[in-house]
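Colleague: Coordinates in coords18.tsv, TSV, N, CA and C atoms, are listed below.
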chain	number	residue	atom	x	y	z
O	13	MET	N	1.24	-163.13	79.09
O	13	MET	CA	2.16	-162.21	79.71
O	13	MET	C	1.40	-160.92	80.04
O	14	PHE	N	1.68	-160.39	81.22
O	14	PHE	CA	1.02	-159.17	81.66
O	14	PHE	C	1.68	-157.94	81.05
O	15	LYS	N	0.86	-156.98	80.75
O	15	LYS	CA	1.36	-155.69	80.30
O	15	LYS	C	1.48	-154.78	81.51
O	16	ALA	N	2.19	-153.69	81.33
O	16	ALA	CA	2.36	-152.73	82.43
O	16	ALA	C	1.01	-152.19	82.89
O	17	GLU	N	0.09	-151.98	81.95
O	17	GLU	CA	-1.23	-151.46	82.30
O	17	GLU	C	-1.98	-152.44	83.20
O	18	ASP	N	-1.84	-153.75	82.90
O	18	ASP	CA	-2.49	-154.77	83.72
O	18	ASP	C	-1.94	-154.77	85.13
O	19	THR	N	-0.63	-154.66	85.25
O	19	THR	CA	0.01	-154.64	86.56
O	19	THR	C	-0.45	-153.43	87.35
O	20	ASN	N	-0.52	-152.28	86.70
O	20	ASN	CA	-0.98	-151.07	87.39
O	20	ASN	C	-2.44	-151.22	87.83
O	21	MET	N	-3.26	-151.81	86.97
O	21	MET	CA	-4.67	-152.00	87.31
O	21	MET	C	-4.80	-152.90	88.55
O	22	TRP	N	-4.06	-154.00	88.55
O	22	TRP	CA	-4.13	-154.92	89.69
O	22	TRP	C	-3.57	-154.28	90.95
O	23	SER	N	-2.50	-153.51	90.80
O	23	SER	CA	-1.92	-152.82	91.97
O	23	SER	C	-2.92	-151.85	92.56
O	24	GLU	N	-3.58	-151.09	91.71
O	24	GLU	CA	-4.58	-150.14	92.19
O	24	GLU	C	-5.74	-150.87	92.87
O	25	TYR	N	-6.15	-152.01	92.31
O	25	TYR	CA	-7.24	-152.78	92.90
O	25	TYR	C	-6.84	-153.28	94.29
O	26	PHE	N	-5.64	-153.83	94.42
O	26	PHE	CA	-5.22	-154.37	95.71
O	26	PHE	C	-5.04	-153.27	96.75
O	27	ILE	N	-4.55	-152.11	96.33
O	27	ILE	CA	-4.43	-150.99	97.26
O	27	ILE	C	-5.82	-150.57	97.73
O	28	TRP	N	-6.77	-150.47	96.79
O	28	TRP	CA	-8.14	-150.12	97.16
O	28	TRP	C	-8.72	-151.17	98.10
O	29	ARG	N	-8.51	-152.44	97.78
O	29	ARG	CA	-9.06	-153.54	98.59
O	29	ARG	C	-8.48	-153.51	100.01
O	30	LEU	N	-7.18	-153.29	100.13
O	30	LEU	CA	-6.56	-153.22	101.45
O	30	LEU	C	-7.07	-152.03	102.25
O	31	ALA	N	-7.27	-150.90	101.59
O	31	ALA	CA	-7.80	-149.72	102.27
O	31	ALA	C	-9.23	-149.99	102.75
O	32	TYR	N	-10.01	-150.67	101.93
O	32	TYR	CA	-11.38	-151.02	102.30
O	32	TYR	C	-11.40	-151.95	103.52
O	33	ILE	N	-10.56	-152.96	103.51
O	33	ILE	CA	-10.48	-153.90	104.63
O	33	ILE	C	-9.99	-153.17	105.88
O	34	ASP	N	-9.03	-152.27	105.73
O	34	ASP	CA	-8.53	-151.51	106.87
O	34	ASP	C	-9.64	-150.66	107.49
O	35	ARG	N	-10.44	-149.99	106.65
O	35	ARG	CA	-11.55	-149.19	107.18
O	35	ARG	C	-12.55	-150.06	107.92
O	36	GLN	N	-12.87	-151.21	107.35
O	36	GLN	CA	-13.81	-152.11	108.02
O	36	GLN	C	-13.25	-152.58	109.36
O	37	ALA	N	-11.98	-152.92	109.38
O	37	ALA	CA	-11.34	-153.38	110.62
O	37	ALA	C	-11.35	-152.29	111.68
O	38	GLN	N	-11.07	-151.06	111.28
O	38	GLN	CA	-11.08	-149.95	112.24
O	38	GLN	C	-12.48	-149.72	112.80
O	39	GLU	N	-13.49	-149.79	111.94
O	39	GLU	CA	-14.87	-149.61	112.40
O	39	GLU	C	-15.26	-150.73	113.37
O	40	CYS	N	-14.92	-151.96	113.03
O	40	CYS	CA	-15.24	-153.09	113.91
O	40	CYS	C	-14.49	-152.98	115.24
O	41	SER	N	-13.24	-152.57	115.17
O	41	SER	CA	-12.45	-152.43	116.39
O	41	SER	C	-13.04	-151.36	117.29
O	42	HIS	N	-13.43	-150.24	116.71
O	42	HIS	CA	-14.04	-149.17	117.50
O	42	HIS	C	-15.34	-149.65	118.14
O	43	GLN	N	-16.17	-150.34	117.38
O	43	GLN	CA	-17.44	-150.83	117.91
O	43	GLN	C	-17.21	-151.87	119.01
O	44	ALA	N	-16.28	-152.77	118.79
O	44	ALA	CA	-15.97	-153.78	119.81
O	44	ALA	C	-15.44	-153.10	121.08
O	45	HIS	N	-14.60	-152.09	120.90
O	45	HIS	CA	-14.05	-151.35	122.03
O	45	HIS	C	-15.17	-150.70	122.84
O	46	GLU	N	-16.10	-150.05	122.16
O	46	GLU	CA	-17.21	-149.40	122.84
O	46	GLU	C	-18.10	-150.42	123.55
O	47	ASN	N	-18.39	-151.52	122.89
O	47	ASN	CA	-19.23	-152.56	123.50
O	47	ASN	C	-18.58	-153.14	124.74
O	48	MET	N	-17.28	-153.42	124.66
O	48	MET	CA	-16.58	-154.00	125.80
O	48	MET	C	-16.50	-152.99	126.94
O	49	LYS	N	-16.32	-151.74	126.60
O	49	LYS	CA	-16.25	-150.68	127.62
O	49	LYS	C	-17.58	-150.61	128.38
O	50	GLN	N	-18.68	-150.66	127.65
O	50	GLN	CA	-19.99	-150.63	128.30
O	50	GLN	C	-20.22	-151.89	129.12
O	51	ALA	N	-19.83	-153.03	128.58
O	51	ALA	CA	-20.05	-154.30	129.29
O	51	ALA	C	-19.26	-154.35	130.60
O	52	GLN	N	-18.10	-153.74	130.62
O	52	GLN	CA	-17.27	-153.77	131.83
O	52	GLN	C	-17.49	-152.53	132.70
O	53	SER	N	-18.46	-151.73	132.36
O	53	SER	CA	-18.83	-150.55	133.15
O	53	SER	C	-17.65	-149.62	133.41
O	54	ILE	N	-16.89	-149.37	132.37
O	54	ILE	CA	-15.78	-148.41	132.50
O	54	ILE	C	-16.39	-147.03	132.33
O	55	MET	N	-16.42	-146.28	133.43
O	55	MET	CA	-17.08	-144.99	133.41
O	55	MET	C	-16.13	-143.90	133.85
O	56	GLU	N	-16.60	-142.70	133.66
O	56	GLU	CA	-15.81	-141.54	134.05
O	56	GLU	C	-15.54	-141.51	135.56
O	57	GLN	N	-16.41	-142.15	136.32
O	57	GLN	CA	-16.20	-142.17	137.77
O	57	GLN	C	-14.88	-142.87	138.11
O	58	LEU	N	-14.61	-144.00	137.45
O	58	LEU	CA	-13.34	-144.70	137.69
O	58	LEU	C	-12.17	-143.83	137.27
O	59	LYS	N	-12.34	-143.11	136.16
O	59	LYS	CA	-11.27	-142.23	135.69
O	59	LYS	C	-10.94	-141.18	136.76
O	60	ALA	N	-11.97	-140.66	137.38
O	60	ALA	CA	-11.76	-139.64	138.41
O	60	ALA	C	-11.16	-140.23	139.69
O	61	GLU	N	-11.58	-141.46	140.01
O	61	GLU	CA	-11.14	-142.08	141.27
O	61	GLU	C	-9.76	-142.71	141.15
O	62	ASN	N	-9.49	-143.37	140.03
O	62	ASN	CA	-8.23	-144.10	139.88
O	62	ASN	C	-7.83	-144.09	138.41
O	63	ALA	N	-7.15	-143.03	138.00
O	63	ALA	CA	-6.80	-142.85	136.59
O	63	ALA	C	-5.90	-143.97	136.07
O	64	LEU	N	-5.00	-144.47	136.89
O	64	LEU	CA	-4.10	-145.54	136.46
O	64	LEU	C	-4.87	-146.83	136.18
O	65	GLU	N	-5.78	-147.18	137.05
O	65	GLU	CA	-6.62	-148.37	136.85
O	65	GLU	C	-7.49	-148.21	135.60
O	66	TRP	N	-8.06	-147.03	135.45
O	66	TRP	CA	-8.91	-146.74	134.29
O	66	TRP	C	-8.12	-146.90	132.98
O	67	THR	N	-6.90	-146.36	132.96
O	67	THR	CA	-6.05	-146.46	131.78
O	67	THR	C	-5.70	-147.91	131.49
O	68	GLY	N	-5.38	-148.66	132.52
O	68	GLY	CA	-5.05	-150.08	132.34
O	68	GLY	C	-6.23	-150.86	131.78
O	69	GLN	N	-7.41	-150.61	132.29
O	69	GLN	CA	-8.59	-151.33	131.80
O	69	GLN	C	-8.90	-150.95	130.35
O	70	LEU	N	-8.78	-149.68	130.02
O	70	LEU	CA	-9.03	-149.26	128.64
O	70	LEU	C	-8.00	-149.85	127.68
O	71	ASN	N	-6.75	-149.89	128.09
O	71	ASN	CA	-5.72	-150.51	127.25
O	71	ASN	C	-6.00	-152.00	127.04
O	72	ASN	N	-6.45	-152.67	128.07
O	72	ASN	CA	-6.79	-154.08	127.96
O	72	ASN	C	-7.97	-154.28	127.00
O	73	ILE	N	-8.97	-153.44	127.13
O	73	ILE	CA	-10.13	-153.52	126.24
O	73	ILE	C	-9.71	-153.27	124.79
O	74	ARG	N	-8.88	-152.27	124.59
O	74	ARG	CA	-8.42	-151.94	123.23
O	74	ARG	C	-7.65	-153.12	122.62
O	75	ALA	N	-6.78	-153.74	123.41
O	75	ALA	CA	-6.01	-154.88	122.91
O	75	ALA	C	-6.92	-156.07	122.58
O	76	CYS	N	-7.90	-156.32	123.43
O	76	CYS	CA	-8.84	-157.42	123.18
O	76	CYS	C	-9.67	-157.15	121.92
O	77	ALA	N	-10.13	-155.93	121.77
O	77	ALA	CA	-10.92	-155.57	120.59
O	77	ALA	C	-10.08	-155.74	119.32
O	78	ARG	N	-8.83	-155.31	119.36
O	78	ARG	CA	-7.95	-155.44	118.20
O	78	ARG	C	-7.72	-156.92	117.86
O	79	GLU	N	-7.53	-157.74	118.88
O	79	GLU	CA	-7.31	-159.17	118.65
O	79	GLU	C	-8.54	-159.83	118.04
O	80	ILE	N	-9.71	-159.48	118.54
O	80	ILE	CA	-10.96	-160.03	118.00
O	80	ILE	C	-11.11	-159.66	116.53
O	81	VAL	N	-10.92	-158.39	116.23
O	81	VAL	CA	-11.06	-157.92	114.85
O	81	VAL	C	-10.04	-158.60	113.94
O	82	ASN	N	-8.80	-158.67	114.39
O	82	ASN	CA	-7.77	-159.31	113.57
O	82	ASN	C	-8.13	-160.76	113.25
O	83	LYS	N	-8.60	-161.49	114.24
O	83	LYS	CA	-8.99	-162.88	114.02
O	83	LYS	C	-10.17	-162.98	113.07
O	84	GLU	N	-11.15	-162.09	113.22
O	84	GLU	CA	-12.31	-162.11	112.34
O	84	GLU	C	-11.91	-161.84	110.90
O	85	PHE	N	-11.02	-160.88	110.68
O	85	PHE	CA	-10.63	-160.55	109.32
O	85	PHE	C	-9.71	-161.60	108.72
O	86	ILE	N	-8.89	-162.23	109.53
O	86	ILE	CA	-8.07	-163.32	109.02
O	86	ILE	C	-8.96	-164.47	108.60
O	87	LEU	N	-9.97	-164.80	109.40
O	87	LEU	CA	-10.91	-165.85	109.03
O	87	LEU	C	-11.69	-165.47	107.78
O	88	TYR	N	-12.09	-164.20	107.67
O	88	TYR	CA	-12.82	-163.73	106.49
O	88	TYR	C	-11.98	-163.91	105.23
O	89	ILE	N	-10.72	-163.51	105.32
O	89	ILE	CA	-9.84	-163.62	104.16
O	89	ILE	C	-9.60	-165.08	103.80
O	90	LYS	N	-9.42	-165.95	104.79
O	90	LYS	CA	-9.21	-167.37	104.51
O	90	LYS	C	-10.46	-167.99	103.90
O	91	LYS	N	-11.65	-167.65	104.41
O	91	LYS	CA	-12.88	-168.19	103.87
O	91	LYS	C	-13.14	-167.68	102.46
O	92	ASP	N	-12.66	-166.46	102.21
O	92	ASP	CA	-12.87	-165.83	100.92
O	92	ASP	C	-11.91	-166.39	99.87
O	93	GLY	N	-10.97	-167.23	100.32
O	93	GLY	CA	-10.05	-167.87	99.38
O	93	GLY	C	-8.84	-167.01	99.03
O	94	ARG	N	-8.57	-166.01	99.85
O	94	ARG	CA	-7.45	-165.13	99.54
O	94	ARG	C	-6.27	-165.33	100.47
O	95	GLY	N	-6.39	-166.28	101.39
O	95	GLY	CA	-5.29	-166.43	102.35
O	95	GLY	C	-4.76	-167.82	102.35
Translate the structure described by the file into structure tokens.
Modeller:
Amino acid sequence: MFKAEDTNMWSEYFIWRLAYIDRQAQECSHQAHENMKQAQSIMEQLKAENALEWTGQLNNIRACAREIVNKEFILYIKKDGRG
């Protein structure tokens, strides 16, 4: 049977673990976003010429980067035996 101290210890561990995974996911998402932006040549020139198109392309890149990161972390958690 678990004691209250054990439950608190595990709760703190899981909160720390989730925060760690969230930081990693944010870093990966930012890096993927920057890489995709460079690969698709999204530059300030497009922003100046057609702000709506520029915004649409950046939103698309952001969504793709988020999806990639989410899939990678879901696979990581499943491989790690936690999912």
Colleague: For atom C of Ala77 of chain O and atom CA of Ser41 of chain O, quote the distance in Å rounded to one decimal.
Modeller: 5.0 Å
Colleague: Identify which of the residues O:Ser23, O:Gln69, O:Gln36, O:Asn82 lies closest to Met48 of chain O, counting only C-alpha atoms when measuring atom-to-atom distances.
Modeller: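 Selected residue with least distance to Met48 of chain O: O:Gln69.
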Colleague: Nearest residue to Ser53 of chain O out of O:Val81, O:Met21, O:Leu70, O:Leu87, using only C-alpha atoms?
Modeller: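 Closest to Ser53 of chain O of all the choices is O:Leu70.
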Colleague: So, counting all atoms listed in the file, which residue among O:Ala51, O:Ala37, O:Trp28, O:Trp66 is closest to Arg78 of chain O?
Modeller: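 Using all atoms listed in the file, the shortest distance to Arg78 of chain O belongs to O:Ala37.
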Colleague: For atom CA of Ala31 of chain O and atom CA of Gln50 of chain O, quote the distance in Å rounded to one decimal.
Modeller: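 Between atom CA of Ala31 of chain O and atom CA of Gln50 of chain O the gap works out to 28.8 Å.
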Colleague: Step by step, gather every atom of segment 15-25 of chain O that the file lists, find the box along x, y and z that holds them, add 8 Å on each side, and finally give centre and edge lengths in Å to one decimal, as JSON.
Modeller:
{"center_x": -2.4, "center_y": -153.6, "center_z": 87.3, "size_x": 25.6, "size_y": 22.8, "size_z": 30.0}
Colleague: What's the separation between atom N of Arg35 of chain O and atom CA of Ile73 of chain O, in Å to one decimal place?
Modeller: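 Atom-to-atom, atom N of Arg35 of chain O to atom CA of Ile73 of chain O, that is 19.9 Å.
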Colleague: Rebuild segment 24-35 of chain O so that it carries N, CA, C and O atoms, then output the result as an mmCIF file, in the frame of the given file.
Modeller:
data_model
loop_
_atom_site.group_PDB
_atom_site.id
_atom_site.type_symbol
_atom_site.label_atom_id
_atom_site.label_comp_id
_atom_site.auth_asym_id
_atom_site.auth_seq_id
_atom_site.Cartn_x
_atom_site.Cartn_y
_atom_site.Cartn_z
ATOM 1 N N GLU O 24 -3.580 -151.090 91.710
ATOM 2 C CA GLU O 24 -4.580 -150.140 92.190
ATOM 3 C C GLU O 24 -5.740 -150.870 92.870
ATOM 4 O O GLU O 24 -6.241 -150.429 93.899
ATOM 5 N N TYR O 25 -6.150 -152.010 92.310
ATOM 6 C CA TYR O 25 -7.240 -152.780 92.900
ATOM 7 C C TYR O 25 -6.840 -153.280 94.290
ATOM 8 O O TYR O 25 -7.608 -153.164 95.237
ATOM 9 N N PHE O 26 -5.640 -153.830 94.420
ATOM 10 C CA PHE O 26 -5.220 -154.370 95.710
ATOM 11 C C PHE O 26 -5.040 -153.270 96.750
ATOM 12 O O PHE O 26 -5.374 -153.459 97.918
ATOM 13 N N ILE O 27 -4.550 -152.110 96.330
ATOM 14 C CA ILE O 27 -4.430 -150.990 97.260
ATOM 15 C C ILE O 27 -5.820 -150.570 97.730
ATOM 16 O O ILE O 27 -6.051 -150.347 98.919
ATOM 17 N N TRP O 28 -6.770 -150.470 96.790
ATOM 18 C CA TRP O 28 -8.140 -150.120 97.160
ATOM 19 C C TRP O 28 -8.720 -151.170 98.100
ATOM 20 O O TRP O 28 -9.348 -150.838 99.107
ATOM 21 N N ARG O 29 -8.510 -152.440 97.780
ATOM 22 C CA ARG O 29 -9.060 -153.540 98.590
ATOM 23 C C ARG O 29 -8.480 -153.510 100.010
ATOM 24 O O ARG O 29 -9.208 -153.687 100.988
ATOM 25 N N LEU O 30 -7.180 -153.290 100.130
ATOM 26 C CA LEU O 30 -6.560 -153.220 101.450
ATOM 27 C C LEU O 30 -7.070 -152.030 102.250
ATOM 28 O O LEU O 30 -7.317 -152.141 103.449
ATOM 29 N N ALA O 31 -7.270 -150.900 101.590
ATOM 30 C CA ALA O 31 -7.800 -149.720 102.270
ATOM 31 C C ALA O 31 -9.230 -149.990 102.750
ATOM 32 O O ALA O 31 -9.603 -149.595 103.863
ATOM 33 N N TYR O 32 -10.010 -150.670 101.930
ATOM 34 C CA TYR O 32 -11.380 -151.020 102.300
ATOM 35 C C TYR O 32 -11.400 -151.950 103.520
ATOM 36 O O TYR O 32 -12.140 -151.720 104.479
ATOM 37 N N ILE O 33 -10.560 -152.960 103.510
ATOM 38 C CA ILE O 33 -10.480 -153.900 104.630
ATOM 39 C C ILE O 33 -9.990 -153.170 105.880
ATOM 40 O O ILE O 33 -10.513 -153.401 106.978
ATOM 41 N N ASP O 34 -9.030 -152.270 105.730
ATOM 42 C CA ASP O 34 -8.530 -151.510 106.870
ATOM 43 C C ASP O 34 -9.640 -150.660 107.490
ATOM 44 O O ASP O 34 -9.778 -150.612 108.709
ATOM 45 N N ARG O 35 -10.440 -149.990 106.650
ATOM 46 C CA ARG O 35 -11.550 -149.190 107.180
ATOM 47 C C ARG O 35 -12.550 -150.060 107.920
ATOM 48 O O ARG O 35 -13.030 -149.691 108.996
#
